[in-house]
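**Student:** Handing you this structure, nothing more for now.
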There are 2 protein chains.
Amino acid sequence: MEFDLKGESAVTEARDDTVSTLEPLSDNIGPGTCAKTGGCRSICASCRDRLYAVCLALSDEEIAGLEALSRHLDLAARASVFLAGDKARFVYTVTSGSVRLQRDLSDGRRQVIGFAMAGDFIGLSRDANYSFSADRLEQTGLCRFDRDDFTVLSRDRQPLLERLQLAATHELTIAQDHMVVLGRRRAEERVAAFRLRWRDRLARIHGKSANVALPMGRQDMADHLGLTIETVSRTLARWRRERLILDVPGGVRILDLDRLRAILAD
Amino acid sequence: MEFDLKGESAVTEARDDTVSTLEPLSDNIGPGTCAKTGGCRSICASCRDRLYAVCLALSDEEIAGLEALSRHLDLAARASVFLAGDKARFVYTVTSGSVRLQRDLSDGRRQVIGFAMAGDFIGLSRDANYSFSADRLEQTGLCRFDRDDFTVLSRDRQPLLERLQLAATHELTIAQDHMVVLGRRRAEERVAAFRLRWRDRLARIHGKSANVALPMGRQDMADHLGLTIETVSRTLARWRRERLILDVPGGVRILDLDRLRAILAD
DNA sequence: CGGGTTATTGATGGTGTTCAAGGGGTGTGG
DNA sequence: CCACACCCCTTGAACACCATCAATAACCCG
């Protein structure tokens with residue numbers, strides 16, 4: 001119970017830092033807070049605190065413009081937001097929950113391109129169609145924009161365009177990081193890199209904590225890291241034996257952060 | 001001689017398509033064409049024909065603004081444009097030649113993030129410093145812009161910002177493609193994916209041709225594909241034995257494009 | 001409790017790496 | 001012009017890491 005990361009009574013020990021609740025955004029978000037057709041004031045506003053969020057650095061007025069175009073969705077787990085090949089009509093910001101982004105080969109092999117969480121912007125596409133699929137890993141809140149509307153609006157809003165530019169560059173940097181992981185890291189290093197990175201991302205939103213919620217399964221991690229599910233499982237089993245981590249419901253507790261970092265040695 | 005891809009008398013058979021010279025840009029480029037301090041009219045203008053080039057879709061007037069800030073460089077092979085960790089003072093467009101982009105791990109392992117060729121924009125950085133190094137593979141022409149100047153200029157030039165946005169999204173899509181290659185492709189597929197992609201990129205600039213110039217060495221390919229130099233070498237040796245490719249000075253001739261494509265089966 | 005899904009664990013084997021030696025081209029200097 | 005060094009590429013043999021195959025265990029929901 002004490003370590004439960006998902007339940008209503010989610011309480012985590014604050015170790016590294018001050019506060020650390022796992023869903024601080026849930027106060028602002030929910031079906032009740034949002035008008036069906038119109039804006040979602042509190043949601044866009046909540047973005048403003050977050051680095052790399054698209055609506056950051058916009059004036060109240062500009063946010064109002066965005067809101068008029070936005071439509072908030074709160075969707076159950078385990079279904080897609082969009083599929084690779086779909087006409088790219090919308091762009092989204094994630095307001096809560098998490099989304100898995102993936103590409104599939106015709107023979108069933110899968111590469112998980114990345115995971116999007118609160119504050120992330122998804123749906124940017126070079127072409128008219130999405131080049132990857134997006135699936136919800138859990139109950140997920142999204143702010144949806146019509147792509148064309150969004151383009152038109154951004155035309156006379158340089159700050160928004162610059163934000164968008166920053167978001168794309170940010171994603172690109174992450175993608176390059178991950179190429180190093182996929183191309184030149186061994187299995188244990190890959191898993192360590194993923195866990196540490198995931199921890200950092202959660203820390204930005206929820207504050208630092210030794211407890212890390214992991215909404216994705218072993219197969220998702222494996223497909224993200226270019227490994228098999230067995231290799232991931234064995235690596236984690238070893239770490240458990242060596243008291244490096246401790247499994248907790250819905251996630252993991254990192255017991256020895258330094259040793260985990262040492263695995264990367266970089 | 002007939003297949004030489006590098007010499008002064010570079011002539012290639014045009015097979016798939018009409019014309020196919022390997023350095024069509026060289027007419028416009030050279031020390032003589034460019035004032036030391038000022039703009040490079042012909043160079044920016046030449047960009048306009050090319051998709052994803054940053055200065056595409058700008059008016060003559062806007063191009064003039066860019067040119068005033070640009071400085072053209074024509075540099076010998078085998079030295080860096082910038083290093084990972086350097087302060088990111090400049091951004092560049094490649095006008096001729098090619099550049100290798102890479103990240104290094106502290107223990108010597110290397111990941112080649114990508115290669116930039118004529119029309120590509122490099123130096124975009126999320127942070128104040130470059131996150132990867134850029135090295136010239138051959139004699140290379142670059143248009144250099146001061147990053148701050150460029151930012152200021154782009155502030156009231158939406159088309160430029162949108163171009164920049166497209167360039168970043170384009171790079172991101174390529175990075176995601178490559179993640180699939182690194183994460184889920186076997187050795188032979190990786191090499192095939194690289195050769196085919198490289199061929200397509202050259203085709204955009206020089207027109208289609210069965211002859212493909214390869215300015216990078218085996219080690220570069222290996223570090224790009226997450227393989228060892230031996231595996232790359234063995235794969236190419238097999239293809240040579242099977243009459244799938246034919247080595248020519250400075251590059252390769254693809255003898256059986258369909259069979260090469262079939263290796264990817266996707 | 002039962003059925004399905006997901007995770008773990010073990011045994012075996014393959015793909016690609018590592019280690020090692022030799023080949024081929026190029027440039028330099030005698 | 002040849003000899004030599006250097007670099008890059010190729011080829012072979014042995015090995016290691018991780019994948020594959022297979023069986024069981026834990027979990028989740030109905």
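A note on labels: chains of the structure tokens are A, B, ... as shown, every chain counts residues from 1, and ligands are counted from 1 in their shown order.
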Give me, as a PDB file with N, CA and C atoms (P, O5', C5', C4', C3', O3' and C1' of nucleotides), in the first residue's frame, the residues of chain C touching chain A, with the criterion being at most 12 Å (counting only C-alpha atoms (C1' of nucleotides)).
**Tutor:**
```
ATOM      1  P    DT C   5      -5.758 -13.340 -24.457  1.00  0.00           P
ATOM      2  O5'  DT C   5      -4.723 -12.334 -23.790  1.00  0.00           O
ATOM      3  C5'  DT C   5      -5.193 -11.333 -22.881  1.00  0.00           C
ATOM      4  C4'  DT C   5      -4.122 -11.012 -21.879  1.00  0.00           C
ATOM      5  C3'  DT C   5      -2.730 -10.747 -22.490  1.00  0.00           C
ATOM      6  O3'  DT C   5      -2.372  -9.410 -22.202  1.00  0.00           O
ATOM      7  C1'  DT C   5      -2.602 -12.104 -20.541  1.00  0.00           C
ATOM      8  P    DT C   6      -1.079  -8.761 -22.841  1.00  0.00           P
ATOM      9  O5'  DT C   6       0.007  -8.877 -21.673  1.00  0.00           O
ATOM     10  C5'  DT C   6      -0.316  -8.409 -20.368  1.00  0.00           C
ATOM     11  C4'  DT C   6       0.762  -8.843 -19.408  1.00  0.00           C
ATOM     12  C3'  DT C   6       2.197  -8.625 -19.904  1.00  0.00           C
ATOM     13  O3'  DT C   6       2.893  -7.900 -18.914  1.00  0.00           O
ATOM     14  C1'  DT C   6       1.937 -10.811 -19.061  1.00  0.00           C
ATOM     15  P    DA C   7       4.441  -7.569 -19.010  1.00  0.00           P
ATOM     16  O5'  DA C   7       5.078  -8.681 -18.071  1.00  0.00           O
ATOM     17  C5'  DA C   7       4.869  -8.613 -16.672  1.00  0.00           C
ATOM     18  C4'  DA C   7       5.602  -9.747 -16.004  1.00  0.00           C
ATOM     19  C3'  DA C   7       7.122  -9.740 -16.197  1.00  0.00           C
ATOM     20  O3'  DA C   7       7.744  -9.783 -14.923  1.00  0.00           O
ATOM     21  C1'  DA C   7       6.217 -11.867 -16.721  1.00  0.00           C
ATOM     22  P    DT C   8       9.313  -9.779 -14.764  1.00  0.00           P
ATOM     23  O5'  DT C   8       9.659 -11.330 -14.620  1.00  0.00           O
ATOM     24  C5'  DT C   8       9.165 -12.049 -13.498  1.00  0.00           C
ATOM     25  C4'  DT C   8       9.546 -13.507 -13.611  1.00  0.00           C
ATOM     26  C3'  DT C   8      11.045 -13.791 -13.670  1.00  0.00           C
ATOM     27  O3'  DT C   8      11.361 -14.600 -12.549  1.00  0.00           O
ATOM     28  C1'  DT C   8       9.853 -15.061 -15.284  1.00  0.00           C
ATOM     29  P    DT C   9      12.828 -14.711 -12.005  1.00  0.00           P
ATOM     30  O5'  DT C   9      13.332 -16.074 -12.672  1.00  0.00           O
ATOM     31  C5'  DT C   9      12.573 -17.268 -12.498  1.00  0.00           C
ATOM     32  C4'  DT C   9      12.998 -18.293 -13.516  1.00  0.00           C
ATOM     33  C3'  DT C   9      14.503 -18.387 -13.786  1.00  0.00           C
ATOM     34  O3'  DT C   9      14.967 -19.630 -13.283  1.00  0.00           O
ATOM     35  C1'  DT C   9      13.205 -18.573 -15.772  1.00  0.00           C
ATOM     36  P    DG C  10      16.482 -20.058 -13.319  1.00  0.00           P
ATOM     37  O5'  DG C  10      16.502 -21.058 -14.559  1.00  0.00           O
ATOM     38  C5'  DG C  10      15.594 -22.143 -14.600  1.00  0.00           C
ATOM     39  C4'  DG C  10      15.763 -22.929 -15.883  1.00  0.00           C
ATOM     40  C3'  DG C  10      17.211 -23.138 -16.336  1.00  0.00           C
ATOM     41  O3'  DG C  10      17.394 -24.516 -16.662  1.00  0.00           O
ATOM     42  C1'  DG C  10      15.929 -22.233 -18.108  1.00  0.00           C
TER      43       DG C  10
END
```
**Student:** Which residues, written as a list in words, have at least one atom at most 8 Å from Ser131 of chain B, with only C-alpha atoms (C1' of nucleotides) counted and residues fewer than 5 positions away on the same chain left out?
**Tutor:**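 Here the qualifying residues turn out to be Thr173 of chain A; Ala84, Gly85, Arg103 and Ser125 of chain B.
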**Student:** Could you list, as a PyMOL selection string, every residue of chain A that has an atom within 12 Å of an atom of chain D, counting only C-alpha atoms (C1' of nucleotides)?
**Tutor:** chain A and resi 186-188+226-232+234-235+249-250
**Student:** What are the residues of chain B lining chain A at 8 Å or less? Count only C-alpha atoms, and put the answer as JSON, numbers by chain.
**Tutor:** {"B": [103, 105, 106, 109, 110, 111, 113, 124, 125, 126, 131, 155, 156, 158, 161, 162, 164, 165, 166, 168, 169, 170, 171, 172, 173, 175, 176, 178, 179, 180, 182, 183, 184, 223, 224, 225, 226, 227, 265, 266]}
**Student:** Quick one: write out the picked residues with N, CA and C atoms as a compact mmCIF listing (two decimals), in the first residue's frame?
**Tutor:**
```
# COMPACT_ATOMS: atom_id res chain seq x y z
N ARG B 103 27.92 11.34 -32.45
CA ARG B 103 28.05 11.46 -31.01
C ARG B 103 29.03 10.43 -30.52
N LEU B 105 30.73 8.26 -27.19
CA LEU B 105 30.70 7.87 -25.78
C LEU B 105 32.12 7.98 -25.23
N SER B 106 32.21 8.08 -23.93
CA SER B 106 33.52 8.32 -23.32
C SER B 106 34.49 7.15 -23.53
N ARG B 109 33.21 4.36 -28.09
CA ARG B 109 32.12 3.97 -28.98
C ARG B 109 31.54 5.21 -29.63
N ARG B 110 31.06 5.04 -30.84
CA ARG B 110 30.66 6.16 -31.65
C ARG B 110 29.34 5.86 -32.33
N GLN B 111 28.46 6.81 -32.41
CA GLN B 111 27.25 6.63 -33.20
C GLN B 111 27.17 7.75 -34.22
N ILE B 113 25.07 9.82 -36.21
CA ILE B 113 23.67 10.25 -36.19
C ILE B 113 23.10 10.38 -37.59
N LEU B 124 21.16 23.06 -35.82
CA LEU B 124 20.01 23.26 -34.95
C LEU B 124 20.29 22.62 -33.61
N SER B 125 20.11 23.36 -32.55
CA SER B 125 20.39 22.81 -31.24
C SER B 125 19.37 23.29 -30.23
N ARG B 126 18.95 22.38 -29.39
CA ARG B 126 17.99 22.73 -28.35
C ARG B 126 18.66 23.59 -27.29
N SER B 131 25.10 19.28 -29.53
CA SER B 131 25.04 17.99 -28.86
C SER B 131 25.74 16.90 -29.67
N ARG B 155 12.43 36.16 -36.87
CA ARG B 155 11.33 36.58 -36.02
C ARG B 155 10.20 37.25 -36.81
N ASP B 156 10.58 38.08 -37.78
CA ASP B 156 9.50 38.67 -38.58
C ASP B 156 9.48 38.10 -39.99
N GLN B 158 7.82 34.83 -41.14
CA GLN B 158 7.11 33.56 -40.91
C GLN B 158 7.51 32.47 -41.90
N LEU B 161 10.53 30.82 -40.65
CA LEU B 161 10.25 30.00 -39.48
C LEU B 161 9.55 28.71 -39.85
N GLU B 162 8.64 28.82 -40.79
CA GLU B 162 7.92 27.62 -41.21
C GLU B 162 8.85 26.64 -41.92
N LEU B 164 12.00 26.38 -41.34
CA LEU B 164 12.82 25.85 -40.27
C LEU B 164 12.07 24.73 -39.56
N GLN B 165 10.80 24.98 -39.35
CA GLN B 165 9.93 24.00 -38.71
C GLN B 165 9.87 22.73 -39.55
N LEU B 166 9.71 22.93 -40.85
CA LEU B 166 9.64 21.78 -41.75
C LEU B 166 10.95 21.01 -41.75
N ALA B 168 13.10 20.78 -39.34
CA ALA B 168 13.23 20.05 -38.08
C ALA B 168 12.34 18.81 -38.09
N THR B 169 11.13 18.96 -38.58
CA THR B 169 10.20 17.83 -38.64
C THR B 169 10.71 16.77 -39.60
N HIS B 170 11.31 17.23 -40.68
CA HIS B 170 11.90 16.32 -41.65
C HIS B 170 13.01 15.50 -40.99
N GLU B 171 13.89 16.19 -40.30
CA GLU B 171 14.98 15.51 -39.61
C GLU B 171 14.45 14.50 -38.60
N LEU B 172 13.40 14.90 -37.93
CA LEU B 172 12.79 14.04 -36.92
C LEU B 172 12.25 12.76 -37.55
N THR B 173 11.59 12.91 -38.67
CA THR B 173 11.06 11.74 -39.38
C THR B 173 12.19 10.79 -39.79
N ALA B 175 15.08 10.56 -38.36
CA ALA B 175 15.62 9.97 -37.13
C ALA B 175 14.76 8.79 -36.69
N GLN B 176 13.45 8.93 -36.82
CA GLN B 176 12.55 7.86 -36.43
C GLN B 176 12.68 6.66 -37.34
N HIS B 178 15.35 5.84 -38.77
CA HIS B 178 16.61 5.20 -38.44
C HIS B 178 16.53 4.42 -37.13
N MET B 179 15.68 4.86 -36.22
CA MET B 179 15.48 4.11 -34.98
C MET B 179 14.95 2.71 -35.28
N VAL B 180 14.06 2.62 -36.24
CA VAL B 180 13.53 1.30 -36.63
C VAL B 180 14.67 0.44 -37.16
N LEU B 182 17.88 0.68 -36.50
CA LEU B 182 18.81 0.31 -35.42
C LEU B 182 18.20 -0.66 -34.43
N GLY B 183 16.89 -0.50 -34.20
CA GLY B 183 16.26 -1.31 -33.16
C GLY B 183 15.78 -2.66 -33.65
N ARG B 184 15.34 -2.74 -34.90
CA ARG B 184 14.63 -3.95 -35.32
C ARG B 184 15.07 -4.58 -36.62
N ASP B 223 29.36 2.56 -37.93
CA ASP B 223 28.98 3.37 -36.78
C ASP B 223 27.62 4.02 -36.97
N HIS B 224 27.20 4.15 -38.20
CA HIS B 224 25.86 4.68 -38.46
C HIS B 224 24.81 3.59 -38.24
N LEU B 225 25.16 2.36 -38.58
CA LEU B 225 24.19 1.27 -38.59
C LEU B 225 24.23 0.42 -37.33
N GLY B 226 25.10 0.77 -36.40
CA GLY B 226 25.19 -0.01 -35.18
C GLY B 226 25.78 -1.39 -35.41
N LEU B 227 26.73 -1.47 -36.33
CA LEU B 227 27.38 -2.74 -36.66
C LEU B 227 28.89 -2.57 -36.52
N ALA B 265 12.01 -5.85 -47.78
CA ALA B 265 10.67 -6.44 -47.73
C ALA B 265 9.70 -5.55 -46.98
N ASP B 266 9.77 -4.28 -47.32
CA ASP B 266 8.86 -3.37 -46.62
C ASP B 266 8.79 -2.02 -47.35
```
